[in-house]
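See below for coords-v1.txt, which holds compact mmCIF, C-alpha atoms and all ligand atoms.
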```txt
# COMPACT_ATOMS: atom_id res chain seq x y z
CA MET A 1 0.00 0.00 0.00
CA GLY A 2 0.97 3.63 -0.08
CA SER A 3 2.37 5.59 -2.94
CA LYS A 4 5.78 6.59 -4.01
CA TYR A 5 6.97 10.00 -5.15
CA GLY A 6 9.72 10.95 -7.51
CA VAL A 7 11.30 13.48 -9.80
CA ILE A 8 13.27 12.74 -12.93
CA VAL A 9 15.91 15.40 -13.59
CA MET A 10 16.56 15.96 -17.28
CA GLY A 11 18.18 18.40 -19.67
CA PRO A 12 21.20 18.80 -21.93
CA ALA A 13 24.73 17.91 -20.86
CA GLY A 14 26.23 20.41 -18.44
CA ALA A 15 22.89 22.03 -17.63
CA GLY A 16 23.58 21.43 -13.92
CA LYS A 17 21.41 18.35 -13.33
CA THR A 18 23.76 16.56 -10.95
CA THR A 19 24.52 19.78 -9.10
CA PHE A 20 20.79 20.40 -8.74
CA CYS A 21 20.27 16.84 -7.45
CA SER A 22 22.94 17.41 -4.78
CA ALA A 23 21.40 20.72 -3.76
CA LEU A 24 17.99 19.09 -3.59
CA ILE A 25 19.29 16.25 -1.44
CA GLU A 26 20.97 18.70 0.87
CA HIS A 27 17.82 20.75 1.14
CA LEU A 28 15.71 17.66 1.86
CA ARG A 29 18.14 16.60 4.58
CA ASN A 30 18.07 20.03 6.16
CA ASN A 31 14.31 19.76 6.25
CA ARG A 32 14.27 16.25 7.69
CA ARG A 33 12.97 14.66 4.55
CA SER A 34 14.22 11.39 3.12
CA CYS A 35 15.34 10.83 -0.41
CA PHE A 36 16.39 7.99 -2.61
CA TYR A 37 18.95 9.00 -5.21
CA ILE A 38 19.28 7.11 -8.49
CA ASN A 39 22.00 7.88 -11.00
CA LEU A 40 21.18 6.84 -14.56
CA ASP A 41 24.11 8.56 -16.24
CA PRO A 42 26.61 5.80 -17.00
CA ALA A 43 29.31 8.40 -17.63
CA ALA A 44 28.90 10.29 -14.34
CA GLU A 45 31.84 10.05 -11.95
CA ASP A 46 31.78 12.56 -9.15
CA PHE A 47 28.97 12.75 -6.66
CA VAL A 48 28.59 14.83 -3.55
CA TYR A 49 26.06 12.26 -2.34
CA GLU A 50 26.65 8.64 -3.30
CA PRO A 51 23.69 7.32 -5.30
CA ASP A 52 21.55 4.59 -3.71
CA VAL A 53 21.31 3.01 -7.14
CA ASP A 54 23.90 3.67 -9.82
CA ILE A 55 23.54 2.43 -13.41
CA LYS A 56 27.34 2.03 -13.50
CA ASP A 57 26.92 -0.99 -11.22
CA LEU A 58 24.81 -2.58 -13.95
CA ILE A 59 26.68 -1.58 -17.05
CA SER A 60 29.74 0.44 -17.96
CA LEU A 61 29.53 2.89 -20.84
CA GLU A 62 33.25 2.55 -21.38
CA ASP A 63 32.97 -1.23 -21.84
CA VAL A 64 29.99 -0.84 -24.16
CA MET A 65 31.81 1.67 -26.35
CA GLU A 66 34.91 -0.46 -26.48
CA GLU A 67 33.31 -3.85 -27.04
CA LEU A 68 30.55 -2.77 -29.41
CA HIS A 69 32.56 -0.04 -31.12
CA LEU A 70 29.93 2.58 -30.37
CA GLY A 71 30.33 6.30 -29.80
CA PRO A 72 29.16 7.92 -26.57
CA ASN A 73 25.61 8.56 -27.83
CA GLY A 74 25.05 5.12 -29.35
CA GLY A 75 26.68 3.62 -26.26
CA LEU A 76 24.31 5.46 -24.00
CA ILE A 77 21.24 4.28 -25.90
CA TYR A 78 22.60 0.74 -25.64
CA CYS A 79 22.99 1.17 -21.87
CA PHE A 80 19.37 2.30 -21.57
CA GLU A 81 18.11 -0.58 -23.68
CA PHE A 82 20.10 -2.90 -21.45
CA LEU A 83 18.55 -1.26 -18.40
CA LEU A 84 15.08 -1.81 -19.84
CA ASP A 85 15.92 -5.50 -20.30
CA ASN A 86 17.09 -5.62 -16.68
CA LEU A 87 14.53 -3.41 -15.04
CA ASP A 88 14.71 -5.30 -11.72
CA PHE A 89 17.99 -3.50 -11.19
CA ILE A 90 16.05 -0.32 -10.57
CA THR A 91 12.55 -1.56 -9.68
CA ASP A 92 13.62 -4.04 -6.95
CA PRO A 93 15.30 -1.47 -4.70
CA LEU A 94 12.34 0.87 -5.26
CA GLU A 95 9.83 -1.69 -3.94
CA THR A 96 10.69 -0.88 -0.35
CA VAL A 97 10.90 2.91 -0.71
CA THR A 98 8.02 4.44 1.27
CA ASP A 99 5.84 7.47 0.67
CA GLU A 100 7.97 9.78 2.83
CA TYR A 101 10.81 9.52 0.36
CA LEU A 102 11.46 11.68 -2.65
CA ILE A 103 12.98 9.50 -5.36
CA ILE A 104 15.44 11.59 -7.40
CA ILE A 105 16.52 10.27 -10.78
CA ASP A 106 19.59 11.94 -12.27
CA MET A 107 19.64 11.57 -16.05
CA PRO A 108 22.34 11.81 -18.70
CA GLY A 109 22.32 14.78 -21.09
CA GLN A 110 22.21 13.12 -24.50
CA ILE A 111 19.53 15.02 -26.30
CA GLU A 112 18.22 12.07 -28.30
CA LEU A 113 16.86 10.68 -25.04
CA TYR A 114 14.45 13.58 -24.94
CA SER A 115 13.46 13.74 -28.57
CA HIS A 116 12.77 10.62 -30.60
CA VAL A 117 14.32 7.52 -28.99
CA PRO A 118 11.59 5.67 -27.07
CA VAL A 119 13.73 4.32 -24.19
CA LEU A 120 12.85 7.09 -21.76
CA PRO A 121 9.07 6.91 -22.26
CA ASN A 122 9.35 3.14 -21.75
CA LEU A 123 11.28 3.54 -18.54
CA VAL A 124 8.88 6.19 -17.25
CA ARG A 125 5.89 3.99 -18.09
CA HIS A 126 7.32 1.20 -15.93
CA LEU A 127 8.01 3.50 -13.01
CA ALA A 128 4.89 5.64 -13.14
CA HIS A 129 2.29 3.19 -14.34
CA GLY A 130 3.61 -0.24 -13.41
CA SER A 131 3.26 -1.91 -10.02
CA LEU A 132 5.49 0.78 -8.50
CA ASN A 133 2.96 3.43 -9.45
CA ILE A 134 5.32 6.29 -8.66
CA SER A 135 3.74 9.71 -8.73
CA MET A 136 6.38 11.41 -10.84
CA CYS A 137 7.23 14.71 -12.38
CA ALA A 138 9.92 15.74 -14.80
CA ALA A 139 12.29 18.61 -14.05
CA TYR A 140 13.88 19.90 -17.24
CA LEU A 141 16.93 22.12 -16.78
CA LEU A 142 18.20 24.65 -19.25
CA GLU A 143 21.24 26.87 -18.61
CA SER A 144 20.39 30.51 -18.15
CA THR A 145 23.49 31.47 -20.16
CA PHE A 146 21.53 30.35 -23.23
CA ILE A 147 19.68 33.63 -22.90
CA VAL A 148 22.63 35.37 -24.50
CA ASP A 149 21.97 33.54 -27.76
CA ARG A 150 18.26 33.74 -28.35
CA ALA A 151 18.12 31.14 -31.11
CA LYS A 152 19.93 28.75 -28.75
CA PHE A 153 17.50 29.59 -25.97
CA PHE A 154 14.51 28.81 -28.16
CA SER A 155 16.04 25.59 -29.42
CA GLY A 156 16.56 24.61 -25.78
CA THR A 157 12.96 25.54 -25.04
CA LEU A 158 11.86 23.39 -27.93
CA SER A 159 13.77 20.41 -26.53
CA ALA A 160 12.13 20.99 -23.13
CA MET A 161 8.78 20.97 -24.85
CA SER A 162 9.66 17.85 -26.79
CA ALA A 163 10.52 16.05 -23.54
CA MET A 164 7.28 17.26 -22.04
CA LEU A 165 5.16 15.92 -24.89
CA LEU A 166 7.16 12.69 -25.08
CA LEU A 167 6.85 11.75 -21.41
CA GLU A 168 3.36 12.97 -20.60
CA LEU A 169 4.38 13.69 -17.01
CA PRO A 170 3.76 16.80 -14.96
CA HIS A 171 6.62 19.01 -15.95
CA VAL A 172 8.69 21.72 -14.29
CA ASN A 173 11.07 23.72 -16.47
CA ILE A 174 14.04 25.25 -14.74
CA LEU A 175 16.48 27.94 -15.80
CA SER A 176 19.63 26.87 -14.00
CA LYS A 177 22.85 28.69 -13.11
CA MET A 178 21.08 31.97 -12.49
CA ASP A 179 24.20 33.19 -10.68
CA LEU A 180 25.94 33.39 -14.06
CA VAL A 181 23.52 35.93 -15.52
CA LYS A 182 22.87 37.88 -12.36
CA GLY A 183 23.44 41.57 -13.00
CA GLN A 184 23.82 40.96 -16.74
CA VAL A 185 20.20 40.77 -17.72
CA ALA A 186 17.66 43.41 -16.78
CA ARG A 187 14.75 42.10 -14.76
CA LYS A 188 12.20 43.02 -17.39
CA ASP A 189 14.27 41.29 -20.09
CA LEU A 190 14.61 38.20 -17.96
CA LYS A 191 10.85 38.05 -17.63
CA ARG A 192 10.53 37.59 -21.36
CA PHE A 193 12.64 34.45 -21.10
CA ILE A 194 10.98 33.07 -18.00
CA ASP A 195 7.71 33.11 -19.86
CA PRO A 196 9.12 32.92 -23.37
CA ASP A 197 8.10 35.84 -25.51
CA ILE A 198 8.58 34.90 -29.13
CA SER A 199 9.04 38.47 -30.23
CA LEU A 200 12.50 38.06 -28.69
CA LEU A 201 13.38 36.32 -31.91
CA GLN A 202 12.36 39.34 -33.93
CA ASP A 203 13.92 42.31 -32.20
CA VAL A 204 17.59 41.50 -32.51
CA PRO A 205 18.60 43.31 -35.68
CA ASP A 206 22.20 42.15 -35.79
CA SER A 207 21.28 38.51 -35.31
CA GLY A 208 19.72 38.40 -38.75
CA LEU A 209 16.49 37.23 -37.21
CA VAL A 210 14.51 40.26 -38.27
CA TYR A 211 12.44 39.93 -41.34
CA ASP A 212 12.69 42.83 -43.70
CA ALA A 213 10.80 42.48 -46.94
CA ASN A 214 13.26 44.73 -48.74
CA GLU A 215 16.34 42.84 -47.83
CA ASN A 216 17.75 39.83 -49.65
CA LEU A 217 16.87 40.99 -53.07
CA GLU A 218 19.77 38.92 -54.21
CA THR A 219 19.62 35.31 -53.16
CA PRO A 220 22.62 34.50 -50.97
CA ASP A 221 24.60 31.35 -51.56
CA PRO A 222 22.74 28.83 -49.37
CA THR A 223 25.78 26.61 -48.96
CA GLU A 224 27.69 29.26 -47.08
CA SER A 225 27.25 28.74 -43.37
CA GLN A 226 27.20 32.47 -42.80
CA SER A 227 24.23 32.90 -45.07
CA VAL A 228 22.46 29.91 -43.52
CA MET A 229 22.66 31.43 -40.05
CA THR A 230 21.74 34.96 -41.07
CA GLY A 231 19.50 34.34 -44.03
CA GLU A 232 15.78 34.69 -44.31
CA SER A 233 15.10 30.96 -44.19
CA PHE A 234 16.86 30.70 -40.82
CA ALA A 235 14.81 33.62 -39.59
CA ARG A 236 11.63 32.02 -40.88
CA LEU A 237 12.52 28.73 -39.25
CA ASN A 238 13.06 30.58 -35.98
CA ARG A 239 9.75 32.35 -36.28
CA ALA A 240 8.00 29.07 -36.96
CA VAL A 241 9.66 27.51 -33.90
CA GLY A 242 8.72 30.55 -31.83
CA GLN A 243 5.15 30.35 -33.00
CA LEU A 244 4.97 26.67 -32.16
CA ILE A 245 6.20 27.33 -28.63
CA ASP A 246 3.77 30.19 -28.33
CA GLU A 247 0.81 28.17 -29.54
CA PHE A 248 1.46 25.39 -27.08
CA SER A 249 2.22 27.98 -24.39
CA LEU A 250 3.28 25.12 -22.18
CA VAL A 251 6.77 26.27 -21.42
CA SER A 252 7.66 28.69 -18.71
CA PHE A 253 10.66 28.56 -16.42
CA LEU A 254 11.45 28.62 -12.75
CA LYS A 255 14.68 30.36 -11.83
CA LEU A 256 17.24 28.30 -9.97
CA ASP A 257 20.32 29.44 -8.10
CA VAL A 258 21.67 26.26 -6.50
CA GLN A 259 23.77 28.20 -4.01
CA ASN A 260 20.65 29.76 -2.60
CA GLU A 261 18.71 27.55 -0.21
CA ASP A 262 15.47 29.53 -0.73
CA SER A 263 15.73 29.15 -4.47
CA VAL A 264 16.18 25.37 -4.16
CA GLY A 265 13.30 25.25 -1.68
CA SER A 266 11.07 27.17 -4.03
CA VAL A 267 11.78 24.84 -6.96
CA LEU A 268 11.15 21.88 -4.66
CA SER A 269 7.77 23.27 -3.69
CA TYR A 270 6.75 23.29 -7.36
CA ILE A 271 7.90 19.69 -7.67
CA ASP A 272 6.01 18.71 -4.51
CA ASP A 273 2.87 20.34 -5.91
CA ALA A 274 3.23 18.59 -9.24
CA ILE A 275 3.42 15.16 -7.60
CA GLN A 276 1.01 16.06 -4.79
CA PHE A 277 3.55 14.99 -2.22
CA HIS A 278 2.13 16.75 0.81
CA GLU A 279 -1.39 15.42 0.33
CA SER A 280 -0.12 11.95 1.19
CA GLN A 281 1.87 12.77 4.30
CA GLU A 282 0.65 11.79 7.73
CA PRO A 283 0.61 14.71 10.10
CA ARG A 284 3.71 14.26 12.21
CA GLU A 285 3.91 14.52 15.96
CA PRO A 286 6.04 17.52 16.93
CA MET A 287 8.26 15.11 18.88
CA ASP A 288 9.14 13.25 15.69
CA ASP A 289 10.94 16.34 14.53
CA VAL A 290 13.29 16.62 17.44
CA GLN A 291 14.15 12.96 17.76
CA ASP A 292 17.83 12.11 17.39
CA ASP A 293 18.68 15.78 17.48
CA GLY A 294 20.84 16.20 20.56
CA ASP A 295 21.52 19.84 19.86
CA MET A 296 18.26 21.64 20.07
CA GLY A 297 19.78 25.03 20.93
N1 LIG A 301 28.10 28.88 -11.81
C1 LIG A 301 27.38 27.76 -11.72
N2 LIG A 301 27.89 26.61 -12.18
C2 LIG A 301 27.15 25.49 -12.09
C3 LIG A 301 25.84 25.50 -11.52
N3 LIG A 301 25.34 24.25 -11.59
C4 LIG A 301 26.28 23.49 -12.15
N4 LIG A 301 27.39 24.23 -12.46
C5 LIG A 301 28.62 23.74 -13.10
O1 LIG A 301 28.29 23.28 -14.40
C6 LIG A 301 29.02 22.08 -14.72
C7 LIG A 301 28.08 20.96 -15.06
O2 LIG A 301 27.28 20.66 -13.93
P1 LIG A 301 26.62 19.23 -13.73
O3 LIG A 301 25.74 19.34 -12.52
O4 LIG A 301 27.64 18.16 -13.74
O5 LIG A 301 25.73 19.15 -15.06
P2 LIG A 301 24.96 17.90 -15.69
O6 LIG A 301 25.79 17.42 -16.83
O7 LIG A 301 23.67 18.49 -16.18
O8 LIG A 301 24.77 16.89 -14.60
C8 LIG A 301 29.86 21.78 -13.50
O9 LIG A 301 31.15 22.29 -13.72
C9 LIG A 301 29.17 22.53 -12.38
O10 LIG A 301 30.06 22.92 -11.37
C10 LIG A 301 25.32 26.76 -11.05
O11 LIG A 301 24.21 26.87 -10.56
N5 LIG A 301 26.14 27.84 -11.17
MG MG A 302 25.17 14.86 -14.45
```
As structure tokens, the full file:
Amino acid sequence: MGSKYGVIVMGPAGAGKTTFCSALIEHLRNNRRSCFYINLDPAAEDFVYEPDVDIKDLISLEDVMEELHLGPNGGLIYCFEFLLDNLDFITDPLETVTDEYLIIIDMPGQIELYSHVPVLPNLVRHLAHGSLNISMCAAYLLESTFIVDRAKFFSGTLSAMSAMLLLELPHVNILSKMDLVKGQVARKDLKRFIDPDISLLQDVPDSGLVYDANENLETPDPTESQSVMTGESFARLNRAVGQLIDEFSLVSFLKLDVQNEDSVGSVLSYIDDAIQFHESQEPREPMDDVQDDGDMG
């Protein structure tokens, strides 16, 4: 009986997923909450908190690449297919995890996982809809430094949306590493990224993203990379992407500064809401909170 609760932390490589997981674990500990940490990145090495389950104990990406002559991306997909064939590795330890725990799943950054390869939806189906019946949400991280390059930001937003549609889970989008853009972006500009405003793609004259009916009277050489990135077709593609994001209007971001406990706590409260964590919790006796705490000063 009882339910289980979890969050799957996703996003491109280097977005700060593992760092966010550590900050989340620390925050949970400080607030006397339990967590169960699962690492599914077979290339991850350094952890502040040792994972309770680590895919590296099942399969080594290095071995896969060497023995099957695969690159890192193909190797990773192989590892996930292997995991799906050996699901007990992850489902068995989860059987005994109770409803007070937050299960945190730290994912690799390979973008194909979030676009068209079906391994992740399969895994999620087993965790969320199988006998484990984990109430789960997805946290998708995007680096705030992407804001500097608007086309990059919108392509990142598109990948967040793709993951959202692929997994059909409650979804929390997070703009990570806010410390890196602090003081560099005006508050009102930042707002247009938090709740993406597609006109951002149109008001950067020097990016070539502005459509001007009088320009390009001569057709540029389409094979030149410069003309691809500044030409009208690139601008039109961007506008189409922007419009798509706008029409779905599903993507908005929470700001995350991992160094800041309040910021981590605020993101956690969105995750808790998405999985309806608090609804399940038994009211605790005040004495439960001070147990095993010798220093109550
Ligand atoms: N300045 C800053 N750096 C960060 C932050 N989060 C992560 N990093 C750095 O970004 C790099 C990638 O972080 P990591 O958590 O391993 O990303 P992952 O690949 O998504 O798991 C590491 O060098 C981190 O130290 C952040 O909030 N601020
Ligand atoms: Mg990582």
Next item on the list: List all protein, DNA and RNA residues that have any atom at most 10 Å from ligand LIG 301 (chain A), counting only C-alpha atoms and all ligand atoms, and write the list as a PyMOL selection string.
Entry: chain A and resi 9-23+41+43-47+106-110+140-145+175-181+256-260
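For the pair CA of Cys137 in chain A and CA of Leu169 in chain A, the interatomic distance is 5.5 Å.
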Checklist line | Atom-to-atom span, CA of Ile174 in chain A and CA of Val264 in chain A, Å | finding: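 Here the two named atoms are 10.8 Å from each other.
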Checklist line | Long-range neighbours of Asn73 in chain A as an MDAnalysis selection string, 10 Å cut-off, only C-alpha atoms, 6 positions minimum in chain | finding: chainID A and resid 61 65 79 109:113
Next item on the list: Rank nothing, just name the residue among A:Glu26, A:Phe153, A:Arg236, A:Ile105 nearest to ligand MG 302 (chain A), using all atoms listed in the file.
Entry: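 Under the stated criterion, the closest residue is A:Ile105.
For the set A:Leu24, A:Ser233, A:Phe253, A:Arg32, the residue with the smallest atom-to-atom gap to Val7 in chain A is A:Leu24, counting only C-alpha atoms.
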Item checked: For Lys182 in chain A, the nearest of the candidates A:Leu127, A:Ile275, A:Val119, A:Lys255, counting all atoms listed in the file -> A:Lys255
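Comparing the minimum interatomic distances between Asn39 in chain A and each of A:Leu70, A:Ile90, A:Val53, A:Ala160, counting all atoms listed in the file, we find that A:Val53 sits nearest.
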Checklist line | Exercise: Leu158 in chain A partners within 10 Å, only C-alpha atoms, chain neighbours under 5 positions left out, as a ChimeraX atom specification | finding: /A:115,152-153,163-164,241-242,244-245,251
Margin query: Which residue is closest to ligand MG 302 (chain A)? Choose from A:Leu28, A:Ile134, A:Leu166, A:Val48 and count all atoms listed in the file.
Written below: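 Nearest to ligand MG 302 (chain A): A:Val48.
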Check: Do you have the CA of Ile8 in chain A-CA of Phe154 in chain A distance handy?
Finding: 22.2 Å
Next item on the list: Might you pull out every residue within 10 Å of Asp273 in chain A, with all atoms listed in the file counted and same-chain residues fewer than 5 positions away left off, and present them as a list in words?
Entry: Cys137, Pro170, Leu268, His278 and Glu279 of chain A
